[in-house]
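Below: entry-v8.cif (mmCIF, C-alpha atoms and all ligand atoms)
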data_data
loop_
_atom_site.label_atom_id
_atom_site.label_comp_id
_atom_site.auth_asym_id
_atom_site.auth_seq_id
_atom_site.Cartn_x
_atom_site.Cartn_y
_atom_site.Cartn_z
CA MET A 129 -26.19 -68.54 -2.92
CA ILE A 130 -29.49 -67.00 -1.88
CA ASP A 131 -29.91 -63.28 -2.64
CA ILE A 132 -30.92 -62.29 0.90
CA LEU A 133 -31.90 -58.70 0.03
CA SER A 134 -34.61 -59.99 -2.29
CA LEU A 135 -36.30 -62.08 0.45
CA THR A 136 -39.41 -60.87 2.22
CA LEU A 137 -39.45 -60.93 6.01
CA SER A 138 -41.60 -64.06 6.09
CA GLU A 139 -39.28 -65.85 3.65
CA LEU A 140 -36.32 -64.86 5.77
CA SER A 141 -38.13 -66.22 8.84
CA GLU A 142 -38.54 -69.58 7.10
CA GLN A 143 -34.83 -69.59 6.34
CA MET A 144 -34.11 -69.24 10.08
CA VAL A 145 -35.84 -72.56 10.93
CA PRO A 146 -33.06 -74.93 9.79
CA LEU A 147 -30.55 -72.58 11.42
CA LYS A 148 -32.43 -73.09 14.71
CA GLN A 149 -32.75 -69.40 15.35
CA PRO A 150 -35.44 -67.68 17.42
CA LYS A 151 -38.23 -65.93 15.48
CA TYR A 152 -37.09 -62.39 16.22
CA ARG A 153 -33.79 -63.05 14.48
CA ALA A 154 -35.24 -62.71 10.98
CA LYS A 155 -36.63 -59.29 11.83
CA GLN A 156 -33.30 -58.24 13.28
CA ILE A 157 -31.44 -59.25 10.09
CA PHE A 158 -34.13 -57.73 7.87
CA GLU A 159 -33.72 -54.42 9.67
CA TRP A 160 -29.97 -54.57 9.30
CA LEU A 161 -30.39 -55.04 5.57
CA HIS A 162 -33.21 -52.64 4.83
CA LYS A 163 -33.20 -50.03 7.58
CA LYS A 164 -29.51 -49.80 8.41
CA LYS A 165 -28.48 -50.70 4.85
CA ALA A 166 -25.77 -53.13 5.98
CA SER A 167 -23.58 -54.32 3.15
CA SER A 168 -21.96 -57.22 5.04
CA PHE A 169 -22.93 -59.77 7.68
CA GLU A 170 -20.02 -58.56 9.85
CA GLU A 171 -21.85 -55.29 10.45
CA MET A 172 -24.71 -57.14 12.17
CA THR A 173 -22.97 -56.91 15.51
CA ASP A 174 -25.94 -57.84 17.70
CA THR A 175 -26.32 -61.24 16.06
CA PRO A 176 -24.19 -64.22 17.22
CA ALA A 177 -20.88 -64.58 15.38
CA GLN A 178 -21.71 -68.23 14.70
CA LEU A 179 -24.91 -67.25 12.91
CA ARG A 180 -23.10 -64.65 10.83
CA ALA A 181 -20.62 -67.30 9.77
CA ALA A 182 -23.47 -69.69 8.89
CA LEU A 183 -25.30 -67.00 6.90
CA LYS A 184 -22.20 -66.35 4.83
CA LEU A 185 -22.22 -69.94 3.63
CA ASP A 186 -25.68 -69.83 2.06
CA PHE A 187 -26.57 -66.17 1.51
CA CYS A 188 -25.05 -63.26 -0.33
CA ILE A 189 -25.67 -59.54 0.07
CA LYS A 190 -25.57 -58.10 -3.41
CA SER A 191 -23.88 -54.79 -4.01
CA LEU A 192 -23.61 -52.03 -6.58
CA ASN A 193 -20.29 -50.39 -7.16
CA ILE A 194 -20.08 -46.81 -8.32
CA GLN A 195 -18.30 -46.65 -11.63
CA LYS A 196 -18.91 -43.00 -12.35
CA THR A 197 -20.82 -40.01 -11.00
CA LEU A 198 -21.89 -37.00 -13.05
CA VAL A 199 -23.36 -33.81 -11.59
CA SER A 200 -25.42 -31.45 -13.75
CA ASP A 201 -24.39 -27.81 -14.20
CA ARG A 202 -27.32 -26.69 -12.09
CA GLN A 203 -26.22 -29.17 -9.39
CA ASP A 204 -29.77 -30.45 -9.06
CA THR A 205 -29.26 -33.79 -10.82
CA VAL A 206 -26.69 -36.51 -10.17
CA LYS A 207 -26.33 -39.52 -12.44
CA TYR A 208 -24.69 -42.68 -11.16
CA LEU A 209 -23.31 -45.44 -13.31
CA TYR A 210 -23.52 -48.54 -11.13
CA GLY A 211 -21.68 -51.79 -11.81
CA LEU A 212 -23.56 -54.99 -10.95
CA ASP A 213 -21.99 -58.14 -9.51
CA ASP A 214 -21.90 -59.78 -12.97
CA GLY A 215 -20.17 -56.82 -14.62
CA ASN A 216 -23.27 -55.32 -16.25
CA LYS A 217 -23.95 -51.63 -15.74
CA ILE A 218 -27.04 -49.57 -15.05
CA GLU A 219 -27.83 -45.90 -14.55
CA THR A 220 -29.71 -44.24 -11.68
CA VAL A 221 -30.57 -40.55 -11.42
CA PHE A 222 -30.96 -38.52 -8.22
CA MET A 223 -32.93 -35.28 -8.59
CA SER A 224 -33.38 -32.58 -5.97
CA HIS A 225 -36.51 -30.50 -6.04
CA LYS A 226 -37.81 -27.81 -3.70
CA HIS A 227 -40.33 -30.25 -2.24
CA GLY A 228 -37.83 -33.12 -1.73
CA ASN A 229 -35.63 -35.48 -3.68
CA SER A 230 -36.63 -38.13 -6.15
CA LEU A 231 -34.81 -41.08 -7.59
CA CYS A 232 -35.19 -42.49 -11.08
CA ILE A 233 -34.34 -46.18 -11.04
CA SER A 234 -33.73 -48.75 -13.77
CA SER A 235 -35.62 -52.03 -13.87
CA GLN A 236 -33.67 -53.95 -16.54
CA VAL A 237 -30.24 -54.03 -18.11
CA GLY A 238 -31.24 -52.78 -21.56
CA CYS A 239 -34.77 -52.97 -22.93
CA LYS A 240 -36.72 -55.04 -25.48
CA MET A 241 -39.28 -52.40 -26.38
CA ALA A 242 -37.23 -50.51 -28.99
CA CYS A 243 -39.08 -47.17 -28.85
CA CYS A 244 -37.23 -45.26 -31.54
CA PHE A 245 -36.69 -42.04 -29.55
CA CYS A 246 -35.24 -43.75 -26.46
CA ALA A 247 -31.57 -44.57 -25.86
CA SER A 248 -32.25 -47.29 -23.28
CA GLY A 249 -33.00 -50.03 -25.78
CA MET A 250 -30.42 -49.10 -28.41
CA ALA A 251 -28.04 -51.84 -27.29
CA GLY A 252 -30.84 -54.39 -26.94
CA PHE A 253 -31.88 -56.33 -23.86
CA ILE A 254 -29.45 -58.07 -21.54
CA ARG A 255 -31.33 -59.14 -18.41
CA ASN A 256 -33.87 -58.31 -15.73
CA LEU A 257 -32.77 -56.66 -12.51
CA SER A 258 -33.44 -58.51 -9.28
CA PRO A 259 -35.53 -56.86 -6.53
CA SER A 260 -32.30 -56.39 -4.58
CA GLU A 261 -30.64 -54.58 -7.48
CA MET A 262 -33.56 -52.16 -7.65
CA LEU A 263 -33.51 -51.59 -3.88
CA LEU A 264 -29.76 -51.10 -3.93
CA GLN A 265 -30.09 -48.22 -6.38
CA LEU A 266 -32.01 -46.47 -3.62
CA TYR A 267 -29.89 -47.63 -0.69
CA GLN A 268 -26.56 -46.94 -2.37
CA THR A 269 -27.63 -43.52 -3.67
CA GLU A 270 -28.98 -42.48 -0.27
CA LYS A 271 -25.64 -43.45 1.26
CA GLN A 272 -23.89 -41.23 -1.29
CA GLN A 273 -26.27 -38.35 -0.77
CA SER A 274 -26.49 -38.66 3.01
CA PRO A 275 -27.98 -36.95 4.97
CA ALA A 276 -30.36 -36.25 2.09
CA ASN A 277 -32.89 -38.97 1.37
CA CYS A 278 -35.30 -39.76 -1.42
CA SER A 279 -38.92 -38.92 -0.76
CA SER A 280 -40.15 -40.36 -4.04
CA ILE A 281 -39.17 -42.94 -6.62
CA VAL A 282 -39.92 -43.09 -10.31
CA ILE A 283 -39.38 -46.38 -12.12
CA MET A 284 -38.52 -44.61 -15.34
CA GLY A 285 -34.88 -45.46 -15.89
CA VAL A 286 -33.56 -48.13 -18.25
CA GLY A 287 -36.00 -50.96 -18.95
CA GLU A 288 -39.70 -51.69 -19.16
CA PRO A 289 -40.78 -52.39 -15.57
CA LEU A 290 -43.87 -54.42 -16.49
CA ASP A 291 -41.66 -56.69 -18.61
CA ASN A 292 -39.93 -57.59 -15.32
CA PHE A 293 -43.22 -57.86 -13.49
CA ASP A 294 -42.55 -60.30 -10.64
CA ASN A 295 -39.28 -58.71 -9.61
CA VAL A 296 -40.72 -55.20 -9.75
CA ILE A 297 -43.70 -56.21 -7.60
CA ARG A 298 -41.40 -57.87 -5.09
CA PHE A 299 -39.22 -54.76 -5.08
CA LEU A 300 -42.31 -52.65 -4.31
CA ARG A 301 -43.40 -55.00 -1.51
CA LEU A 302 -39.96 -54.80 0.06
CA LEU A 303 -39.86 -51.03 -0.36
CA GLU A 304 -43.14 -50.55 1.50
CA SER A 305 -42.39 -53.11 4.21
CA PRO A 306 -42.80 -51.47 7.65
CA ASP A 307 -39.81 -53.46 8.90
CA GLY A 308 -37.79 -52.35 5.91
CA HIS A 309 -37.47 -49.05 4.09
CA ASN A 310 -41.13 -48.33 4.87
CA MET A 311 -41.87 -46.07 1.91
CA SER A 312 -45.50 -45.54 1.00
CA LEU A 313 -46.21 -46.53 -2.59
CA ARG A 314 -48.08 -43.22 -2.92
CA HIS A 315 -44.61 -41.83 -3.50
CA VAL A 316 -43.80 -44.23 -6.33
CA SER A 317 -44.55 -43.83 -10.04
CA LEU A 318 -44.16 -46.66 -12.49
CA SER A 319 -43.96 -45.89 -16.18
CA THR A 320 -44.91 -48.41 -18.85
CA CYS A 321 -44.97 -48.36 -22.63
CA GLY A 322 -48.30 -50.17 -22.36
CA LEU A 323 -48.10 -53.92 -21.73
CA VAL A 324 -51.84 -54.31 -21.42
CA GLU A 325 -52.01 -57.74 -19.80
CA ARG A 326 -49.56 -56.63 -17.16
CA ILE A 327 -51.47 -53.42 -16.50
CA ASP A 328 -54.54 -55.62 -15.91
CA GLU A 329 -52.55 -57.83 -13.56
CA LEU A 330 -51.20 -54.81 -11.68
CA ARG A 331 -54.74 -53.47 -11.32
CA GLU A 332 -55.74 -56.58 -9.38
CA LEU A 333 -52.96 -55.97 -6.86
CA LYS A 334 -54.49 -52.59 -5.97
CA MET A 335 -51.21 -50.98 -5.05
CA GLY A 336 -51.16 -47.29 -4.21
CA LEU A 337 -48.58 -46.33 -6.80
CA THR A 338 -49.11 -43.96 -9.72
CA LEU A 339 -49.25 -45.60 -13.11
CA SER A 340 -47.72 -43.55 -15.90
CA VAL A 341 -48.44 -44.67 -19.44
CA SER A 342 -46.27 -43.67 -22.40
CA LEU A 343 -48.73 -42.68 -25.09
CA HIS A 344 -46.75 -40.31 -27.34
CA ALA A 345 -49.13 -40.53 -30.33
CA VAL A 346 -52.82 -40.29 -31.16
CA THR A 347 -53.27 -42.73 -34.04
CA ASP A 348 -52.21 -46.36 -34.29
CA SER A 349 -50.15 -45.80 -37.39
CA GLU A 350 -48.25 -42.91 -35.82
CA ARG A 351 -47.76 -44.75 -32.54
CA SER A 352 -46.63 -47.97 -34.21
CA ALA A 353 -44.07 -45.99 -36.20
CA ILE A 354 -42.31 -44.80 -33.04
CA MET A 355 -43.30 -47.51 -30.52
CA PRO A 356 -43.27 -51.10 -31.85
CA ILE A 357 -45.27 -52.29 -28.81
CA ASN A 358 -48.32 -50.63 -30.38
CA GLN A 359 -48.45 -53.44 -32.93
CA ARG A 360 -49.16 -55.84 -30.09
CA TYR A 361 -51.42 -53.61 -27.97
CA ASN A 362 -53.04 -50.81 -29.91
CA ILE A 363 -54.23 -47.48 -28.51
CA GLY A 364 -57.84 -48.61 -28.13
CA ARG A 365 -56.89 -51.68 -26.14
CA LEU A 366 -54.44 -49.70 -24.04
CA LEU A 367 -56.95 -47.01 -23.13
CA THR A 368 -59.61 -49.59 -22.26
CA SER A 369 -57.15 -51.17 -19.88
CA CYS A 370 -56.29 -47.75 -18.40
CA ALA A 371 -59.96 -46.95 -17.85
CA GLU A 372 -60.41 -50.28 -16.04
CA TYR A 373 -57.32 -49.60 -13.99
CA TYR A 374 -58.80 -46.34 -12.73
CA LYS A 375 -62.20 -47.93 -12.11
CA HIS A 376 -60.70 -50.62 -9.88
CA THR A 377 -57.99 -48.67 -8.10
CA GLY A 378 -59.27 -45.09 -8.03
CA ARG A 379 -55.74 -44.01 -8.96
CA ARG A 380 -55.44 -41.40 -11.69
CA ILE A 381 -53.44 -42.42 -14.73
CA SER A 382 -50.68 -40.14 -15.90
CA PHE A 383 -50.31 -40.19 -19.68
CA GLU A 384 -46.85 -39.28 -20.88
CA TYR A 385 -46.65 -37.56 -24.22
CA SER A 386 -43.19 -36.65 -25.51
CA LEU A 387 -43.46 -33.82 -28.01
CA ILE A 388 -41.37 -34.34 -31.13
CA ASN A 389 -41.01 -31.54 -33.63
CA GLY A 390 -43.17 -32.15 -36.70
CA VAL A 391 -44.09 -35.68 -35.65
CA ASN A 392 -46.77 -35.52 -32.94
CA ASP A 393 -46.87 -31.90 -31.82
CA GLY A 394 -49.40 -30.26 -34.16
CA THR A 395 -52.64 -28.57 -33.19
CA GLU A 396 -54.47 -31.46 -34.82
CA HIS A 397 -52.62 -33.90 -32.56
CA ALA A 398 -53.61 -31.94 -29.47
CA ASP A 399 -57.26 -31.88 -30.59
CA GLU A 400 -57.21 -35.61 -31.30
CA LEU A 401 -55.57 -36.33 -27.95
CA VAL A 402 -58.40 -34.54 -26.17
CA ARG A 403 -61.01 -36.41 -28.22
CA LEU A 404 -59.34 -39.78 -27.73
CA LEU A 405 -58.90 -39.49 -23.99
CA SER A 406 -62.33 -37.98 -23.44
CA ALA A 407 -63.94 -40.82 -25.38
CA LYS A 408 -62.22 -43.58 -23.43
CA MET A 409 -61.57 -42.15 -20.00
CA SER A 410 -63.79 -40.37 -17.51
CA ARG A 411 -62.87 -36.80 -16.58
CA GLY A 412 -60.71 -36.70 -13.52
CA SER A 413 -59.39 -40.22 -14.12
CA PHE A 414 -56.22 -39.07 -15.86
CA HIS A 415 -53.84 -36.27 -16.49
CA VAL A 416 -51.39 -35.61 -19.30
CA ASN A 417 -47.72 -35.04 -18.69
CA LEU A 418 -46.04 -33.42 -21.68
CA ILE A 419 -42.34 -34.17 -22.03
CA PRO A 420 -40.26 -32.01 -24.34
CA ILE A 421 -38.32 -34.69 -26.25
CA ASN A 422 -34.73 -35.12 -25.16
CA VAL A 423 -32.35 -35.48 -28.01
CA ILE A 424 -30.24 -38.62 -28.33
CA ASN A 425 -27.43 -39.14 -30.82
CA GLU A 426 -28.96 -41.95 -32.82
CA VAL A 427 -32.15 -40.22 -33.97
CA LYS A 428 -32.81 -37.04 -35.84
CA PHE A 429 -35.83 -35.96 -33.80
CA ARG A 430 -35.82 -32.40 -32.57
CA LYS A 431 -37.50 -30.60 -29.71
CA SER A 432 -40.95 -29.24 -30.40
CA ALA A 433 -41.44 -25.49 -30.55
CA ASN A 434 -45.10 -26.01 -29.82
CA VAL A 435 -45.10 -27.17 -26.19
CA LYS A 436 -46.94 -24.15 -24.78
CA ALA A 437 -49.58 -24.07 -27.49
CA PHE A 438 -50.11 -27.85 -27.21
CA ALA A 439 -50.55 -27.58 -23.44
CA GLY A 440 -52.91 -24.64 -23.97
CA ILE A 441 -55.25 -26.66 -26.16
CA LEU A 442 -55.47 -29.42 -23.57
CA GLU A 443 -56.05 -26.94 -20.77
CA LYS A 444 -58.80 -25.15 -22.65
CA SER A 445 -60.58 -28.45 -23.13
CA GLY A 446 -60.47 -29.10 -19.41
CA VAL A 447 -57.77 -31.78 -19.57
CA ALA A 448 -55.38 -31.66 -16.62
CA VAL A 449 -51.93 -31.11 -18.09
CA THR A 450 -48.41 -30.52 -16.80
CA VAL A 451 -45.13 -30.05 -18.63
CA ARG A 452 -42.31 -32.15 -17.22
CA ARG A 453 -39.33 -30.10 -16.20
CA THR A 454 -36.23 -31.36 -17.96
CA MET A 455 -33.46 -32.20 -15.52
CA GLY A 456 -29.93 -33.33 -16.17
CA ALA A 457 -29.99 -33.07 -19.97
CA ASP A 458 -26.41 -31.76 -19.92
CA ILE A 459 -25.25 -35.04 -18.36
CA ASN A 460 -27.57 -37.23 -20.47
CA ALA A 461 -29.65 -38.00 -17.41
CA ALA A 462 -33.01 -36.83 -18.77
CA CYS A 463 -35.90 -39.09 -19.87
CA GLY A 464 -34.86 -41.47 -22.59
CA GLN A 465 -31.17 -40.66 -22.33
CA LEU A 466 -30.20 -43.43 -19.93
CA ARG A 467 -28.21 -46.36 -21.25
CA THR A 468 -26.70 -49.66 -20.34
CA THR A 469 -23.44 -49.89 -22.13
CA SER A 470 -21.92 -46.46 -22.09
CA PHE A 471 -21.86 -43.35 -19.98
CA SER A 472 -22.60 -40.03 -21.61
CA ASP A 473 -20.77 -40.45 -24.84
N1 LIG A 501 -40.19 -48.29 -20.24
C1 LIG A 501 -40.96 -47.30 -19.56
C2 LIG A 501 -40.04 -46.26 -18.88
C3 LIG A 501 -39.35 -45.38 -19.87
S1 LIG A 501 -38.64 -43.84 -19.45
C4 LIG A 501 -41.91 -46.62 -20.49
O1 LIG A 501 -41.83 -46.85 -21.70
O2 LIG A 501 -42.78 -45.88 -20.05
C5 LIG A 501 -39.88 -42.75 -18.98
C6 LIG A 501 -40.52 -41.89 -20.07
O3 LIG A 501 -39.58 -41.20 -20.90
C7 LIG A 501 -41.39 -42.71 -21.00
O4 LIG A 501 -42.60 -42.06 -21.19
C8 LIG A 501 -40.58 -42.71 -22.27
O5 LIG A 501 -41.36 -42.97 -23.40
C9 LIG A 501 -40.00 -41.32 -22.24
N2 LIG A 501 -38.87 -41.12 -23.15
C10 LIG A 501 -38.06 -42.05 -23.71
N3 LIG A 501 -37.14 -41.47 -24.49
C11 LIG A 501 -37.37 -40.15 -24.42
C12 LIG A 501 -36.73 -39.01 -25.00
N4 LIG A 501 -35.69 -39.14 -25.81
N5 LIG A 501 -37.23 -37.80 -24.69
C13 LIG A 501 -38.28 -37.65 -23.87
N6 LIG A 501 -38.91 -38.69 -23.28
C14 LIG A 501 -38.47 -39.91 -23.57
#

Would you give me this structure, written as structure tokens?
Amino acid sequence: MIDILSLTLSELSEQMVPLKQPKYRAKQIFEWLHKKKASSFEEMTDTPAQLRAALKLDFCIKSLNIQKTLVSDRQDTVKYLYGLDDGNKIETVFMSHKHGNSLCISSQVGCKMACCFCASGMAGFIRNLSPSEMLLQLYQTEKQQSPANCSSIVIMGVGEPLDNFDNVIRFLRLLESPDGHNMSLRHVSLSTCGLVERIDELRELKMGLTLSVSLHAVTDSERSAIMPINQRYNIGRLLTSCAEYYKHTGRRISFEYSLINGVNDGTEHADELVRLLSAKMSRGSFHVNLIPINVINEVKFRKSANVKAFAGILEKSGVAVTVRRTMGADINAACGQLRTTSFSD
């Protein structure tokens, strides 16, 4: 069965040839799938019944089923546990802000990267998500939240998006398709732990999205201790790649730095962060997003008491810095708390 939601419009047009359908038919079906969010061929009432029957033989429309929904105390965050067609589960988080709503989507079932502060990889890696499964997190959640919609997307849920490169790029192409959901990639942020070769590949595609890079430490030994990926791509290599990314795309890099009490939150860390970034990156080519660490059961890390002072040092040195507002921590929906196998235990 062909996963029809993962096909681009031109691929769908090719599929219409053996079915002897006029050209406009592909666009009509594509709009049913991506604009009207149809979940069955039966809904496509302006297409011939014979065609719908033929489509059902070769194509499937994937679906996500809601297994559980949790709403935060403040009512501003909703976490969905979605079941996939093969029984695997993923989490998606809807967040409402004053300026609009954003959606945090997962890119893999599980994760290989094993960052020690993050719950997403604790149960290992199971499989990549298809482009359709990423789109469906948006489509399904918007249906639930209707009439509210999502004005921005962050690919910061479970998984390392650049480890599922082709599917994530296809997802982005479908997302921005004018005949589909038609979302500008200016409203999309993709977060990576730093797969350098993939960052270089992404750079060549010159997409308008925001690249967020999980840095979290200022020396190789400290970064390797909490993020195993640093043994493959060290900080120097990562920052060189980030500088090149900015040079080619003109898009500012957002460096994520999760502050962990007594681990990476000292004054000396802040000073070194300024030095490191200033040495490798031009001013104005990046900003730093500080994330107060969110506690997960498996690790003994605690929240830093030094967030304000840390931010102050960066600011004073002229480094653009923001502190990420924690949302949904009470329902385990905050950064690093999303999982594959369980739901808020
Ligand atoms: N795989 C991607 C997306 C991860 S989630 C990446 O590594 O960037 C988005 C951000 O949350 C990343 O910066 C990640 O390092 C961070 N994060 C993970 N666990 C966290 C935790 N327990 N507290 C705060 N931030 C965390």

- Message: I'd like the contact shell of Val296 of chain A - 9 Å cut-off, all atoms listed in the file, skipping same-chain residues fewer than 4 positions apart - returned as a list in words.
- Response: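 Here the answer would be Ser235, Leu257, Ser258, Pro259, Met262, Pro289, Leu290, Asn292, Leu300 and Arg301 of chain A.
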
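Taking atom CA of Asn362 of chain A and atom CA of Thr347 of chain A as the two end points, the separation is 9.1 Å.
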
Ligand LIG 501 (chain A), all listed atoms, 6 Å padding on each side: what axis-aligned box centre and edge lengths in Å to one decimal come out, as AutoDock Vina command-line options?
--center_x -39.2 --center_y -43.0 --center_z -22.3 --size_x 19.1 --size_y 22.6 --size_z 18.9

- Message: Can you pull out the residues contacting Cys278 of chain A? Cut-off 9 Å, using all atoms listed in the file, and skip same-chain residues under 5 positions away; I want them as an NGL selection string.
- Response: :A and (222-224 or 228-231 or 266 or 269-270)

Using only C-alpha atoms and all ligand atoms, find each residue in chain A having at least one atom no more than 7 Å away from ligand LIG 501 (chain A); report its shortest atom-to-atom pair and that distance in Å (one decimal), rows by chain then rising number, as a Markdown table.
| residue | atom | partner | partner_atom | distance |
| --- | --- | --- | --- | --- |
| A:Phe245 | CA | A:LIG501 | N4 | 4.8 |
| A:Cys246 | CA | A:LIG501 | N3 | 3.6 |
| A:Ala247 | CA | A:LIG501 | N3 | 6.5 |
| A:Ile283 | CA | A:LIG501 | C2 | 6.8 |
| A:Met284 | CA | A:LIG501 | S1 | 4.2 |
| A:Gly285 | CA | A:LIG501 | S1 | 5.4 |
| A:Val286 | CA | A:LIG501 | C3 | 6.6 |
| A:Gly287 | CA | A:LIG501 | N1 | 5.1 |
| A:Glu288 | CA | A:LIG501 | N1 | 3.6 |
| A:Pro289 | CA | A:LIG501 | N1 | 6.2 |
| A:Ser319 | CA | A:LIG501 | O2 | 4.0 |
| A:Thr320 | CA | A:LIG501 | O2 | 3.5 |
| A:Cys321 | CA | A:LIG501 | O1 | 3.6 |
| A:Ser340 | CA | A:LIG501 | O2 | 6.9 |
| A:Val341 | CA | A:LIG501 | O2 | 5.8 |
| A:Ser342 | CA | A:LIG501 | O4 | 4.2 |
| A:Glu384 | CA | A:LIG501 | O4 | 5.1 |
| A:Tyr385 | CA | A:LIG501 | O4 | 6.8 |
| A:Ser386 | CA | A:LIG501 | N6 | 5.2 |
| A:Ile419 | CA | A:LIG501 | C13 | 5.7 |
| A:Pro420 | CA | A:LIG501 | C13 | 6.0 |
| A:Ile421 | CA | A:LIG501 | N5 | 3.6 |
| A:Asn422 | CA | A:LIG501 | N5 | 3.7 |
| A:Val423 | CA | A:LIG501 | N4 | 5.4 |
| A:Ile424 | CA | A:LIG501 | N4 | 6.0 |
| A:Cys463 | CA | A:LIG501 | O3 | 4.4 |
| A:Gly464 | CA | A:LIG501 | N3 | 3.0 |
| A:Gln465 | CA | A:LIG501 | N4 | 5.9 |

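For the residues A:Ser167, A:Thr220, A:Ser413, A:Asn256, ranking by smallest atom-to-atom distance to Phe383 of chain A using all atoms listed in the file places A:Ser413 first.
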
- Item | Selection: 7 Å around Ile130 of chain A, all atoms listed in the file, excl. self and same-chain fewer than 2 positions, as a PyMOL selection string | chain A and resi 132+186-188

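Atom to atom, atom CA of Tyr361 of chain A and atom CA of Leu405 of chain A stand 16.5 Å apart.
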
- Task: In Å, rounded to a single decimal, give me how far atom CA of Ala166 of chain A is from atom CA of Glu304 of chain A.
- Result: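 Between atom CA of Glu304 of chain A and atom CA of Ala166 of chain A the gap is 18.1 Å.
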
- Task: Select, from A:Leu183, A:Thr468, A:Asp307, A:Tyr373, the residue with the minimum atom-to-atom distance to Leu212 of chain A, counting all atoms listed in the file.
- Result: A:Thr468

- Message: Considering all atoms listed in the file, can you say which of A:Leu133, A:Ala448, A:Met144, A:Ala154 comes closest to Arg298 of chain A?
- Response: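 Closest to Arg298 of chain A, using all atoms listed in the file: A:Leu133.
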
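Ranking A:Leu263, A:Cys239, A:Leu179, A:Val206 by their shortest atom-to-atom distance to Ser134 of chain A, with all atoms listed in the file included, puts A:Leu263 first.
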
- Message: Can you tell me which residues surround Ala398 of chain A at a distance of at most 10 Å, considering all atoms listed in the file, apart from same-chain residues fewer than 4 positions away, and format the answer as a PyMOL selection string?
- Response: chain A and resi 345-346+392-394+402-404+437-442

Please fill the gaps in segment 252-263 of chain A so it has N, CA and C atoms, and write that as a compact mmCIF listing (two decimals), in the frame of the given file.
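For reference, rebuild_17.txt as written:
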# COMPACT_ATOMS: atom_id res chain seq x y z
N GLY A 252 -30.09 -53.16 -27.15
CA GLY A 252 -30.84 -54.39 -26.94
C GLY A 252 -31.09 -54.69 -25.46
N PHE A 253 -31.53 -55.92 -25.21
CA PHE A 253 -31.88 -56.33 -23.86
C PHE A 253 -30.83 -57.31 -23.34
N ILE A 254 -30.41 -57.12 -22.11
CA ILE A 254 -29.45 -58.07 -21.54
C ILE A 254 -30.10 -58.94 -20.46
N ARG A 255 -30.64 -58.31 -19.41
CA ARG A 255 -31.33 -59.14 -18.41
C ARG A 255 -32.19 -58.28 -17.49
N ASN A 256 -33.05 -58.97 -16.75
CA ASN A 256 -33.87 -58.31 -15.73
C ASN A 256 -33.02 -57.97 -14.51
N LEU A 257 -33.40 -56.92 -13.81
CA LEU A 257 -32.77 -56.66 -12.51
C LEU A 257 -33.53 -57.41 -11.43
N SER A 258 -32.80 -57.85 -10.42
CA SER A 258 -33.44 -58.51 -9.28
C SER A 258 -34.06 -57.44 -8.38
N PRO A 259 -34.98 -57.84 -7.50
CA PRO A 259 -35.53 -56.86 -6.53
C PRO A 259 -34.40 -56.19 -5.75
N SER A 260 -33.40 -56.98 -5.36
CA SER A 260 -32.30 -56.39 -4.58
C SER A 260 -31.55 -55.33 -5.38
N GLU A 261 -31.38 -55.56 -6.66
CA GLU A 261 -30.64 -54.58 -7.48
C GLU A 261 -31.43 -53.28 -7.66
N MET A 262 -32.75 -53.39 -7.59
CA MET A 262 -33.56 -52.16 -7.65
C MET A 262 -33.50 -51.44 -6.31
N LEU A 263 -33.62 -52.21 -5.21
CA LEU A 263 -33.51 -51.59 -3.88
C LEU A 263 -32.16 -50.94 -3.68
